[in-house]
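Undergrad: Just passing along the structure, written as C-alpha cells.
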Amino acid sequence: MATANCLSCHASMLQGKLVVGLGETRVDYSADATMPLQLASLVPATGEAGAELRKLVQRAKAIAPYIRTTVAGPNPADSVAAALFAHRDPQTLAWSDDLLLQEPSKEVPPADVPAWWHLKKKNALFYTGAGRGDQARIMMTSSALCTDSVERARAIDAYFPDVRAYVLSLEAPDYAFPIDEDKASVGQKLFESRCARCHGTYGPVSTYPNLLVHLDEVGTDPFLALGSAQFAAPYLEWFAQSFYGEISRLEPGHGYVAPPLDGIWATAPYLHNGSVPTVAMVLDSSARPAAWVDTRSRSAYLEDALGFPFAIANDDDKRQSPNRVYDTSIPGYSSSGHTYGDRMSARERGAVLEYLKTL
C-alpha cells in the first residue's frame with residue numbers, strides 16, 4: 001500500500017540534527033496538495049506498485065481542495081481527516097469517489113504540530129481534548145488515505161500499539177545553549193505558583209493535569225474548538241460509527257488542553273495554531289506581531305526569546321508573498337488570548353523563560 005509517511009509531519013531538523021517527534025512547521029500546505037503526482041514518473045505504470053501509486057494520487061486529488069491552508073507552515077491534519085471521512089463508508093471503510101457526507105469546509109483551521117514526546121503524559125491526543133480511549137487506534141486513522149477495508153484496517157491495528165510504544169519512548173531534546181541556573185531557580189518558583197495549575201510540574205516528581213481550559217478563559221483563537229474540520233458534527237458521528245470508533249472516541253471540548261512543556265524551547269511557533277513566534281511573546285501578549293514571516297534556519301536560535309528567527313511583515317510582504325506571511329487577522333490565525341504572562345513583570349517573565357529552558 002502506498003501512503004504518506006508519519007515523519008513528513010512528525011520529524012524536523014534542529015541544530016543540524018533530525019529529531020523524530022519534533023513537529024515540522026516549514027512545509028507549505030498552502031500549495032496544491034497533489035505532491036504524489038510528482039512521483040508518478042518514478043514508479044512503473046503497470047503492476048501492483050503502479051496501481052498503488054495511482055490510487056494514492058487519486059485520493060490526494062480528491063481531498064486537495066479541502067486541505068489548503070491560507071499560510072505556509074501550519075498543518076491541515078484536522079481537515080485531512082474530515083475530507084477522508086467524507087469519502088468513506090463508516091461501516092466498510094470503502095472509498096467513494098463521490099462525497100458521502102456534506103462537503104467539507106474549505107476554511108482550513110491551522111494547527112501547530114505537537115511534539116510526540118508529550119504523548120506519554122496526555123490522555124487526549126488533540127488540542128481540543130478529543131482523542132481518548134485506545135490512542136493507537138486513533139493514531140492509525142492516518143492510514144485512512146489508502147486503507148479501503150476493515151480487514152486491512154484490523155491488520156494495521158494489530159501492530160500499531162508497537163508504533164505508539166515507540167512514540168512513548170521519545171524524550172524531549174535538552175536545551176542546546178547555556179542556562180543561568182540561579183535565574184532559572186527563581187523562574188521555577190514563579191512557574192510553579194502561576195503556571196503549574198494548567199501546565200503541570202517538572203522534575204523527579206512531576207504532575208500533569210490534562211486540563212482543558214474553556215475558550216472563555218484562555219481566549220485563544222476559537223475556530224478549531226468551535227467544531228471545524230474533523231470536529232464538526234458529521235465527522236464526529238462518522239468516527240463514532242466506524243471501525244476507528246469501536247474502542248476510541250473523539251468528543252472534543254469547547255476549549256484547548258494546556259500542553260506539557262517538556263522541550264518547549266524546540267517547538268516554535270506557539271499556541272495551537274502556531275501564531276506566536278517565540279515563548280517570550282506567549283508570556284507578553286503586547287509584543288506579538290500582527291503579521292510576521294518565518295525566516296528561520298534550524299541552526300539559528302533566539303536564546304533570549306526561545307524561538308527561531310522571524311521578521312515583522314509589512315504591506316509589501318503581504319502583497320508580494322501573501323502565503324508566506326502569517327497574518328493574525330485571518331480567521332483561525334489569531335494570536336489572541338493566553339494573557340497570563342501579562343500579569344508578570346519583565347524581570348519575572350525573563351526568569352520563567354530561563355526556567356523553561358531546563359524542561
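As shown in the C-alpha cells, the chain order sets the letters A, B, ...; within each chain, residues go from 1, and ligands are also counted from 1 in the order they appear.
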Skip Leu215 in chain A itself and residues of its chain fewer than 4 positions away, then list as number ranges by chain all residues within 10 Å of it, counting only C-alpha atoms.
TA: A: 219-222, 225-226, 253-256, 337
Undergrad: Taking only C-alpha atoms into account, produce a table as a tab-separated table in which each residue of range 265-301 of chain A with an atom at most 12 Å from an atom of range 118-136 of chain A appears once, together with its shortest atom pair and the distance in Å to one decimal, ordered by chain and rising number.
TA:
residue	atom	partner	partner_atom	distance
A:Thr267	CA	A:His118	CA	11.4
A:Leu271	CA	A:Tyr127	CA	9.8
A:His272	CA	A:Tyr127	CA	6.8
A:Asn273	CA	A:Tyr127	CA	9.8
Undergrad: Quote the spacing between CA of Tyr270 in chain A and CA of Pro114 in chain A in Å to one decimal place.
TA: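 A separation of 9.8 Å between them.
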Undergrad: Mind the document's chain letters and residue numbers, and return as a PyMOL selection string the residues of range 103-255 of chain A that DSSP labels alpha helix (DSSP H).
TA: chain A and resi 135-139+150-169+181-194+196-199+215-218+233-241
Undergrad: I'd like the contact shell of Ala94 in chain A - 9 Å cut-off, only C-alpha atoms, skipping same-chain residues fewer than 4 positions apart - returned as a PDB file with N, CA, C and O atoms, in the first residue's frame.
TA:
ATOM      1  N   HIS A  87     -15.307  10.706   2.284  1.00  0.00           N
ATOM      2  CA  HIS A  87     -15.248   9.841   1.112  1.00  0.00           C
ATOM      3  C   HIS A  87     -15.352   8.353   1.459  1.00  0.00           C
ATOM      4  O   HIS A  87     -15.233   7.520   0.553  1.00  0.00           O
ATOM      5  N   ARG A  88     -15.567   8.027   2.733  1.00  0.00           N
ATOM      6  CA  ARG A  88     -15.562   6.616   3.109  1.00  0.00           C
ATOM      7  C   ARG A  88     -16.858   6.187   3.789  1.00  0.00           C
ATOM      8  O   ARG A  88     -17.446   6.935   4.569  1.00  0.00           O
ATOM      9  N   ASP A  89     -17.243   4.957   3.504  1.00  0.00           N
ATOM     10  CA  ASP A  89     -18.380   4.349   4.206  1.00  0.00           C
ATOM     11  C   ASP A  89     -17.928   4.001   5.625  1.00  0.00           C
ATOM     12  O   ASP A  89     -16.916   3.313   5.792  1.00  0.00           O
ATOM     13  N   PRO A  90     -18.631   4.453   6.659  1.00  0.00           N
ATOM     14  CA  PRO A  90     -18.140   4.209   8.020  1.00  0.00           C
ATOM     15  C   PRO A  90     -18.160   2.739   8.422  1.00  0.00           C
ATOM     16  O   PRO A  90     -17.384   2.326   9.296  1.00  0.00           O
ATOM     17  N   THR A 147      -6.403   2.952   3.013  1.00  0.00           N
ATOM     18  CA  THR A 147      -6.900   1.716   3.620  1.00  0.00           C
ATOM     19  C   THR A 147      -8.382   1.579   3.310  1.00  0.00           C
ATOM     20  O   THR A 147      -9.207   2.332   3.836  1.00  0.00           O
ATOM     21  N   ASP A 148      -8.754   0.594   2.477  1.00  0.00           N
ATOM     22  CA  ASP A 148     -10.083   0.542   1.890  1.00  0.00           C
ATOM     23  C   ASP A 148     -10.987  -0.544   2.452  1.00  0.00           C
ATOM     24  O   ASP A 148     -12.064  -0.801   1.898  1.00  0.00           O
ATOM     25  N   SER A 149     -10.599  -1.188   3.532  1.00  0.00           N
ATOM     26  CA  SER A 149     -11.458  -2.220   4.106  1.00  0.00           C
ATOM     27  C   SER A 149     -11.182  -2.345   5.601  1.00  0.00           C
ATOM     28  O   SER A 149     -10.089  -2.017   6.077  1.00  0.00           O
ATOM     29  N   VAL A 150     -12.166  -2.843   6.325  1.00  0.00           N
ATOM     30  CA  VAL A 150     -11.993  -3.081   7.762  1.00  0.00           C
ATOM     31  C   VAL A 150     -10.953  -4.170   7.985  1.00  0.00           C
ATOM     32  O   VAL A 150     -10.169  -4.104   8.931  1.00  0.00           O
TER      33      VAL A 150
END
Undergrad: Mind giving me the straight-line distance from CA of Leu283 in chain A to CA of Cys195 in chain A in Å, one decimal?
TA: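 Atom-to-atom, CA of Leu283 in chain A to CA of Cys195 in chain A, that is 10.7 Å.
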Undergrad: I'd like the interatomic distance between CA of Gly187 in chain A and CA of Tyr355 in chain A, to a tenth of an Å.
TA: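 Separating CA of Gly187 in chain A from CA of Tyr355 in chain A is a distance of 5.1 Å.
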Undergrad: Check the smallest atom-to-atom distance from each of A:Gln91, A:Asn314, A:Gln58, A:Ser228 to Cys146 in chain A using only C-alpha atoms, then report the winner.
TA: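 Smallest distance to Cys146 in chain A is found for A:Gln58.
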Undergrad: With distances taken over only C-alpha atoms, which of A:Ser30, A:Ser169, A:Gln230, A:Thr201 is nearest to Ala82 in chain A?
TA: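 Of A:Ser30, A:Ser169, A:Gln230, A:Thr201, the one nearest Ala82 in chain A is A:Gln230, counting only C-alpha atoms.
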Undergrad: For Gly263 in chain A, find every residue with an atom within 12 Å (counting only C-alpha atoms), except residues of its own chain fewer than 5 positions away, and show them as a PyMOL selection string.
TA: chain A and resi 14+19+21-23+114-118+170-176+202+268+279+306-307+355-359
Undergrad: Fewer than 5 positions away in the same chain doesn't count, so skip those; otherwise give me all residues within 8 Å of range 308-313 of chain A, counting only C-alpha atoms, as a list in words.
TA: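 Listing them by chain and then by number gives Ala268, Pro269, Pro277, Thr278, Pro289, Ala291, Trp292, Val293, Asp294, Thr295, Arg296, Ser297, Arg298, Ala300, Tyr301, Leu302, Lys318 and Val325 of chain A.
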Undergrad: In terms of the shortest atom-to-atom distance over only C-alpha atoms, which of A:Asp32, A:Glu192, A:Asp157, A:Glu354 is closest to Tyr244 in chain A?
TA: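 For Tyr244 in chain A, the nearest of the given residues is A:Asp157.
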Undergrad: Among range 97-246 of chain A, which ones does DSSP place in strand (DSSP E), written as a PyMOL selection string?
TA: chain A and resi 132-133+212-214
Undergrad: Could you list, as a PDB file with N, CA, C and O atoms, in the first residue's frame, every residue within 12 Å of range 151-153 of chain A, counting only C-alpha atoms and ignoring same-chain residues fewer than 3 positions away?
TA:
ATOM      1  N   MET A   1       0.848  -1.199   0.000  1.00  0.00           N
ATOM      2  CA  MET A   1       0.000   0.000   0.000  1.00  0.00           C
ATOM      3  C   MET A   1       0.877   1.240   0.000  1.00  0.00           C
ATOM      4  O   MET A   1       1.787   1.376   0.821  1.00  0.00           O
ATOM      5  N   GLN A  91     -19.019   1.937   7.815  1.00  0.00           N
ATOM      6  CA  GLN A  91     -19.119   0.528   8.184  1.00  0.00           C
ATOM      7  C   GLN A  91     -18.067  -0.338   7.501  1.00  0.00           C
ATOM      8  O   GLN A  91     -17.510  -1.247   8.111  1.00  0.00           O
ATOM      9  N   THR A  92     -17.793  -0.057   6.235  1.00  0.00           N
ATOM     10  CA  THR A  92     -16.879  -0.909   5.464  1.00  0.00           C
ATOM     11  C   THR A  92     -15.518  -0.264   5.215  1.00  0.00           C
ATOM     12  O   THR A  92     -14.573  -0.953   4.841  1.00  0.00           O
ATOM     13  N   LEU A  93     -15.423   1.055   5.368  1.00  0.00           N
ATOM     14  CA  LEU A  93     -14.254   1.873   5.036  1.00  0.00           C
ATOM     15  C   LEU A  93     -13.981   1.930   3.540  1.00  0.00           C
ATOM     16  O   LEU A  93     -12.931   2.430   3.117  1.00  0.00           O
ATOM     17  N   ALA A  94     -14.917   1.453   2.736  1.00  0.00           N
ATOM     18  CA  ALA A  94     -14.746   1.515   1.286  1.00  0.00           C
ATOM     19  C   ALA A  94     -14.717   2.964   0.823  1.00  0.00           C
ATOM     20  O   ALA A  94     -15.459   3.810   1.322  1.00  0.00           O
ATOM     21  N   ARG A 137      -5.423   3.164  18.153  1.00  0.00           N
ATOM     22  CA  ARG A 137      -6.474   3.090  17.140  1.00  0.00           C
ATOM     23  C   ARG A 137      -6.717   4.464  16.505  1.00  0.00           C
ATOM     24  O   ARG A 137      -6.939   4.573  15.299  1.00  0.00           O
ATOM     25  N   ILE A 138      -6.669   5.512  17.314  1.00  0.00           N
ATOM     26  CA  ILE A 138      -6.866   6.853  16.764  1.00  0.00           C
ATOM     27  C   ILE A 138      -5.677   7.243  15.898  1.00  0.00           C
ATOM     28  O   ILE A 138      -5.834   7.815  14.809  1.00  0.00           O
ATOM     29  N   MET A 139      -4.461   6.953  16.362  1.00  0.00           N
ATOM     30  CA  MET A 139      -3.274   7.307  15.596  1.00  0.00           C
ATOM     31  C   MET A 139      -3.268   6.657  14.219  1.00  0.00           C
ATOM     32  O   MET A 139      -2.805   7.242  13.242  1.00  0.00           O
ATOM     33  N   MET A 140      -3.811   5.437  14.135  1.00  0.00           N
ATOM     34  CA  MET A 140      -3.751   4.728  12.867  1.00  0.00           C
ATOM     35  C   MET A 140      -4.783   5.234  11.862  1.00  0.00           C
ATOM     36  O   MET A 140      -4.803   4.784  10.708  1.00  0.00           O
ATOM     37  N   THR A 141      -5.630   6.203  12.250  1.00  0.00           N
ATOM     38  CA  THR A 141      -6.501   6.805  11.241  1.00  0.00           C
ATOM     39  C   THR A 141      -5.682   7.521  10.172  1.00  0.00           C
ATOM     40  O   THR A 141      -6.207   7.843   9.106  1.00  0.00           O
ATOM     41  N   SER A 142      -4.404   7.753  10.451  1.00  0.00           N
ATOM     42  CA  SER A 142      -3.529   8.330   9.425  1.00  0.00           C
ATOM     43  C   SER A 142      -3.441   7.432   8.202  1.00  0.00           C
ATOM     44  O   SER A 142      -3.067   7.883   7.113  1.00  0.00           O
ATOM     45  N   SER A 143      -3.782   6.144   8.356  1.00  0.00           N
ATOM     46  CA  SER A 143      -3.738   5.213   7.228  1.00  0.00           C
ATOM     47  C   SER A 143      -4.998   5.286   6.379  1.00  0.00           C
ATOM     48  O   SER A 143      -5.107   4.583   5.366  1.00  0.00           O
ATOM     49  N   ALA A 144      -5.959   6.144   6.772  1.00  0.00           N
ATOM     50  CA  ALA A 144      -7.252   6.180   6.079  1.00  0.00           C
ATOM     51  C   ALA A 144      -7.148   6.703   4.649  1.00  0.00           C
ATOM     52  O   ALA A 144      -8.104   6.606   3.887  1.00  0.00           O
ATOM     53  N   LEU A 145      -6.016   7.236   4.261  1.00  0.00           N
ATOM     54  CA  LEU A 145      -5.862   7.723   2.891  1.00  0.00           C
ATOM     55  C   LEU A 145      -6.028   6.590   1.892  1.00  0.00           C
ATOM     56  O   LEU A 145      -6.693   6.748   0.867  1.00  0.00           O
ATOM     57  N   CYS A 146      -5.454   5.422   2.198  1.00  0.00           N
ATOM     58  CA  CYS A 146      -5.468   4.326   1.221  1.00  0.00           C
ATOM     59  C   CYS A 146      -5.938   2.988   1.792  1.00  0.00           C
ATOM     60  O   CYS A 146      -5.880   1.976   1.095  1.00  0.00           O
ATOM     61  N   THR A 147      -6.403   2.952   3.013  1.00  0.00           N
ATOM     62  CA  THR A 147      -6.900   1.716   3.620  1.00  0.00           C
ATOM     63  C   THR A 147      -8.382   1.579   3.310  1.00  0.00           C
ATOM     64  O   THR A 147      -9.207   2.332   3.836  1.00  0.00           O
ATOM     65  N   ASP A 148      -8.754   0.594   2.477  1.00  0.00           N
ATOM     66  CA  ASP A 148     -10.083   0.542   1.890  1.00  0.00           C
ATOM     67  C   ASP A 148     -10.987  -0.544   2.452  1.00  0.00           C
ATOM     68  O   ASP A 148     -12.064  -0.801   1.898  1.00  0.00           O
ATOM     69  N   ILE A 156      -3.510  -3.460  10.228  1.00  0.00           N
ATOM     70  CA  ILE A 156      -2.664  -2.341  10.664  1.00  0.00           C
ATOM     71  C   ILE A 156      -2.795  -2.139  12.166  1.00  0.00           C
ATOM     72  O   ILE A 156      -1.806  -1.917  12.874  1.00  0.00           O
ATOM     73  N   ASP A 157      -4.015  -2.249  12.656  1.00  0.00           N
ATOM     74  CA  ASP A 157      -4.282  -2.060  14.084  1.00  0.00           C
ATOM     75  C   ASP A 157      -3.523  -3.070  14.946  1.00  0.00           C
ATOM     76  O   ASP A 157      -3.166  -2.774  16.088  1.00  0.00           O
ATOM     77  N   ALA A 158      -3.245  -4.238  14.388  1.00  0.00           N
ATOM     78  CA  ALA A 158      -2.565  -5.284  15.161  1.00  0.00           C
ATOM     79  C   ALA A 158      -1.153  -4.886  15.553  1.00  0.00           C
ATOM     80  O   ALA A 158      -0.642  -5.319  16.595  1.00  0.00           O
ATOM     81  N   TYR A 159      -0.494  -4.052  14.726  1.00  0.00           N
ATOM     82  CA  TYR A 159       0.867  -3.651  15.068  1.00  0.00           C
ATOM     83  C   TYR A 159       0.977  -2.196  15.519  1.00  0.00           C
ATOM     84  O   TYR A 159       2.047  -1.762  15.957  1.00  0.00           O
ATOM     85  N   PHE A 160      -0.114  -1.435  15.464  1.00  0.00           N
ATOM     86  CA  PHE A 160       0.023  -0.030  15.807  1.00  0.00           C
ATOM     87  C   PHE A 160       0.279   0.236  17.285  1.00  0.00           C
ATOM     88  O   PHE A 160       0.862   1.276  17.617  1.00  0.00           O
ATOM     89  N   SER A 242     -17.652   4.186  13.011  1.00  0.00           N
ATOM     90  CA  SER A 242     -16.673   3.458  12.205  1.00  0.00           C
ATOM     91  C   SER A 242     -15.841   2.496  13.029  1.00  0.00           C
ATOM     92  O   SER A 242     -15.902   2.464  14.266  1.00  0.00           O
ATOM     93  N   PHE A 243     -15.024   1.720  12.319  1.00  0.00           N
ATOM     94  CA  PHE A 243     -14.043   0.844  12.960  1.00  0.00           C
ATOM     95  C   PHE A 243     -13.177   1.609  13.952  1.00  0.00           C
ATOM     96  O   PHE A 243     -12.886   1.124  15.049  1.00  0.00           O
ATOM     97  N   TYR A 244     -12.793   2.832  13.606  1.00  0.00           N
ATOM     98  CA  TYR A 244     -11.894   3.606  14.460  1.00  0.00           C
ATOM     99  C   TYR A 244     -12.548   3.973  15.783  1.00  0.00           C
ATOM    100  O   TYR A 244     -11.876   4.106  16.811  1.00  0.00           O
TER     101      TYR A 244
END
Undergrad: Set the distance at 7 Å and use only C-alpha atoms: which residues neighbour range 99-110 of chain A once local chain neighbours fewer than 2 positions away are removed? I'd like the list as a PyMOL selection string.
TA: chain A and resi 65-69+74-76+79+82-83+86-88+96-97+112+223-224+229+273+332-333
Undergrad: Output N, CA, C and O atoms for every residue in the selection just made, as an mmCIF file, in the first residue's frame.
TA:
data_model
loop_
_atom_site.group_PDB
_atom_site.id
_atom_site.type_symbol
_atom_site.label_atom_id
_atom_site.label_comp_id
_atom_site.auth_asym_id
_atom_site.auth_seq_id
_atom_site.Cartn_x
_atom_site.Cartn_y
_atom_site.Cartn_z
ATOM 1 N N PRO A 65 -8.782 19.943 -2.461
ATOM 2 C CA PRO A 65 -9.482 21.232 -2.320
ATOM 3 C C PRO A 65 -9.822 21.599 -0.886
ATOM 4 O O PRO A 65 -10.127 22.762 -0.607
ATOM 5 N N TYR A 66 -9.774 20.618 0.024
ATOM 6 C CA TYR A 66 -10.241 20.835 1.395
ATOM 7 C C TYR A 66 -9.118 20.941 2.421
ATOM 8 O O TYR A 66 -9.390 21.030 3.623
ATOM 9 N N ILE A 67 -7.874 20.922 1.965
ATOM 10 C CA ILE A 67 -6.775 20.867 2.944
ATOM 11 C C ILE A 67 -5.713 21.942 2.703
ATOM 12 O O ILE A 67 -4.609 21.861 3.244
ATOM 13 N N ARG A 68 -6.053 22.975 1.959
ATOM 14 C CA ARG A 68 -5.084 24.037 1.677
ATOM 15 C C ARG A 68 -5.166 25.109 2.748
ATOM 16 O O ARG A 68 -6.196 25.760 2.922
ATOM 17 N N THR A 69 -4.074 25.293 3.457
ATOM 18 C CA THR A 69 -4.016 26.357 4.446
ATOM 19 C C THR A 69 -3.858 27.705 3.752
ATOM 20 O O THR A 69 -3.441 27.777 2.599
ATOM 21 N N PRO A 74 1.582 26.236 8.987
ATOM 22 C CA PRO A 74 0.609 25.468 9.767
ATOM 23 C C PRO A 74 0.186 24.193 9.046
ATOM 24 O O PRO A 74 0.237 24.095 7.815
ATOM 25 N N ASN A 75 -0.282 23.224 9.826
ATOM 26 C CA ASN A 75 -0.608 21.902 9.311
ATOM 27 C C ASN A 75 -2.123 21.735 9.169
ATOM 28 O O ASN A 75 -2.866 22.157 10.050
ATOM 29 N N PRO A 76 -2.599 21.095 8.102
ATOM 30 C CA PRO A 76 -4.041 20.923 7.886
ATOM 31 C C PRO A 76 -4.578 19.565 8.308
ATOM 32 O O PRO A 76 -5.617 19.110 7.814
ATOM 33 N N SER A 79 -8.284 18.874 8.841
ATOM 34 C CA SER A 79 -9.087 18.924 7.617
ATOM 35 C C SER A 79 -8.840 17.702 6.742
ATOM 36 O O SER A 79 -9.748 17.243 6.040
ATOM 37 N N ALA A 82 -11.210 15.066 8.061
ATOM 38 C CA ALA A 82 -12.592 15.304 7.654
ATOM 39 C C ALA A 82 -12.811 14.938 6.193
ATOM 40 O O ALA A 82 -13.828 14.308 5.831
ATOM 41 N N ALA A 83 -11.880 15.325 5.323
ATOM 42 C CA ALA A 83 -12.027 15.033 3.894
ATOM 43 C C ALA A 83 -12.010 13.529 3.629
ATOM 44 O O ALA A 83 -12.772 13.025 2.789
ATOM 45 N N ALA A 86 -15.281 11.914 4.751
ATOM 46 C CA ALA A 86 -16.388 12.251 3.845
ATOM 47 C C ALA A 86 -16.428 11.357 2.614
ATOM 48 O O ALA A 86 -17.471 11.250 1.963
ATOM 49 N N HIS A 87 -15.307 10.706 2.284
ATOM 50 C CA HIS A 87 -15.248 9.841 1.112
ATOM 51 C C HIS A 87 -15.352 8.353 1.459
ATOM 52 O O HIS A 87 -15.233 7.520 0.553
ATOM 53 N N ARG A 88 -15.567 8.027 2.733
ATOM 54 C CA ARG A 88 -15.562 6.616 3.109
ATOM 55 C C ARG A 88 -16.858 6.187 3.789
ATOM 56 O O ARG A 88 -17.446 6.935 4.569
ATOM 57 N N SER A 96 -15.307 6.068 -1.731
ATOM 58 C CA SER A 96 -16.260 6.520 -2.739
ATOM 59 C C SER A 96 -15.692 7.758 -3.418
ATOM 60 O O SER A 96 -15.282 8.706 -2.737
ATOM 61 N N ASP A 97 -15.680 7.757 -4.736
ATOM 62 C CA ASP A 97 -15.219 8.954 -5.443
ATOM 63 C C ASP A 97 -16.153 10.132 -5.185
ATOM 64 O O ASP A 97 -15.728 11.287 -5.200
ATOM 65 N N ASP A 112 -0.537 23.774 14.773
ATOM 66 C CA ASP A 112 0.885 23.591 15.025
ATOM 67 C C ASP A 112 1.092 22.131 15.412
ATOM 68 O O ASP A 112 0.410 21.626 16.314
ATOM 69 N N PHE A 223 -11.557 29.033 16.441
ATOM 70 C CA PHE A 223 -12.043 28.385 15.221
ATOM 71 C C PHE A 223 -12.029 26.860 15.319
ATOM 72 O O PHE A 223 -13.031 26.191 15.037
ATOM 73 N N LEU A 224 -10.922 26.289 15.724
ATOM 74 C CA LEU A 224 -10.800 24.836 15.779
ATOM 75 C C LEU A 224 -11.733 24.242 16.817
ATOM 76 O O LEU A 224 -12.374 23.210 16.584
ATOM 77 N N ALA A 229 -13.464 21.356 10.795
ATOM 78 C CA ALA A 229 -12.710 20.197 10.301
ATOM 79 C C ALA A 229 -13.269 18.901 10.883
ATOM 80 O O ALA A 229 -14.483 18.706 10.921
ATOM 81 N N ASN A 273 -2.379 27.130 17.000
ATOM 82 C CA ASN A 273 -2.357 27.435 15.566
ATOM 83 C C ASN A 273 -1.014 27.968 15.093
ATOM 84 O O ASN A 273 -0.884 28.413 13.948
ATOM 85 N N GLY A 332 -9.093 32.113 12.243
ATOM 86 C CA GLY A 332 -8.383 30.885 12.602
ATOM 87 C C GLY A 332 -6.921 31.094 12.928
ATOM 88 O O GLY A 332 -6.294 30.238 13.560
ATOM 89 N N TYR A 333 -6.356 32.239 12.528
ATOM 90 C CA TYR A 333 -4.927 32.503 12.673
ATOM 91 C C TYR A 333 -4.613 33.535 13.766
ATOM 92 O O TYR A 333 -3.473 33.968 13.900
#
Undergrad: Considering only C-alpha atoms, can you say which of A:Ser193, A:Ser285, A:Ser334, A:Ser275 comes closest to Ala72 in chain A?
TA: A:Ser275
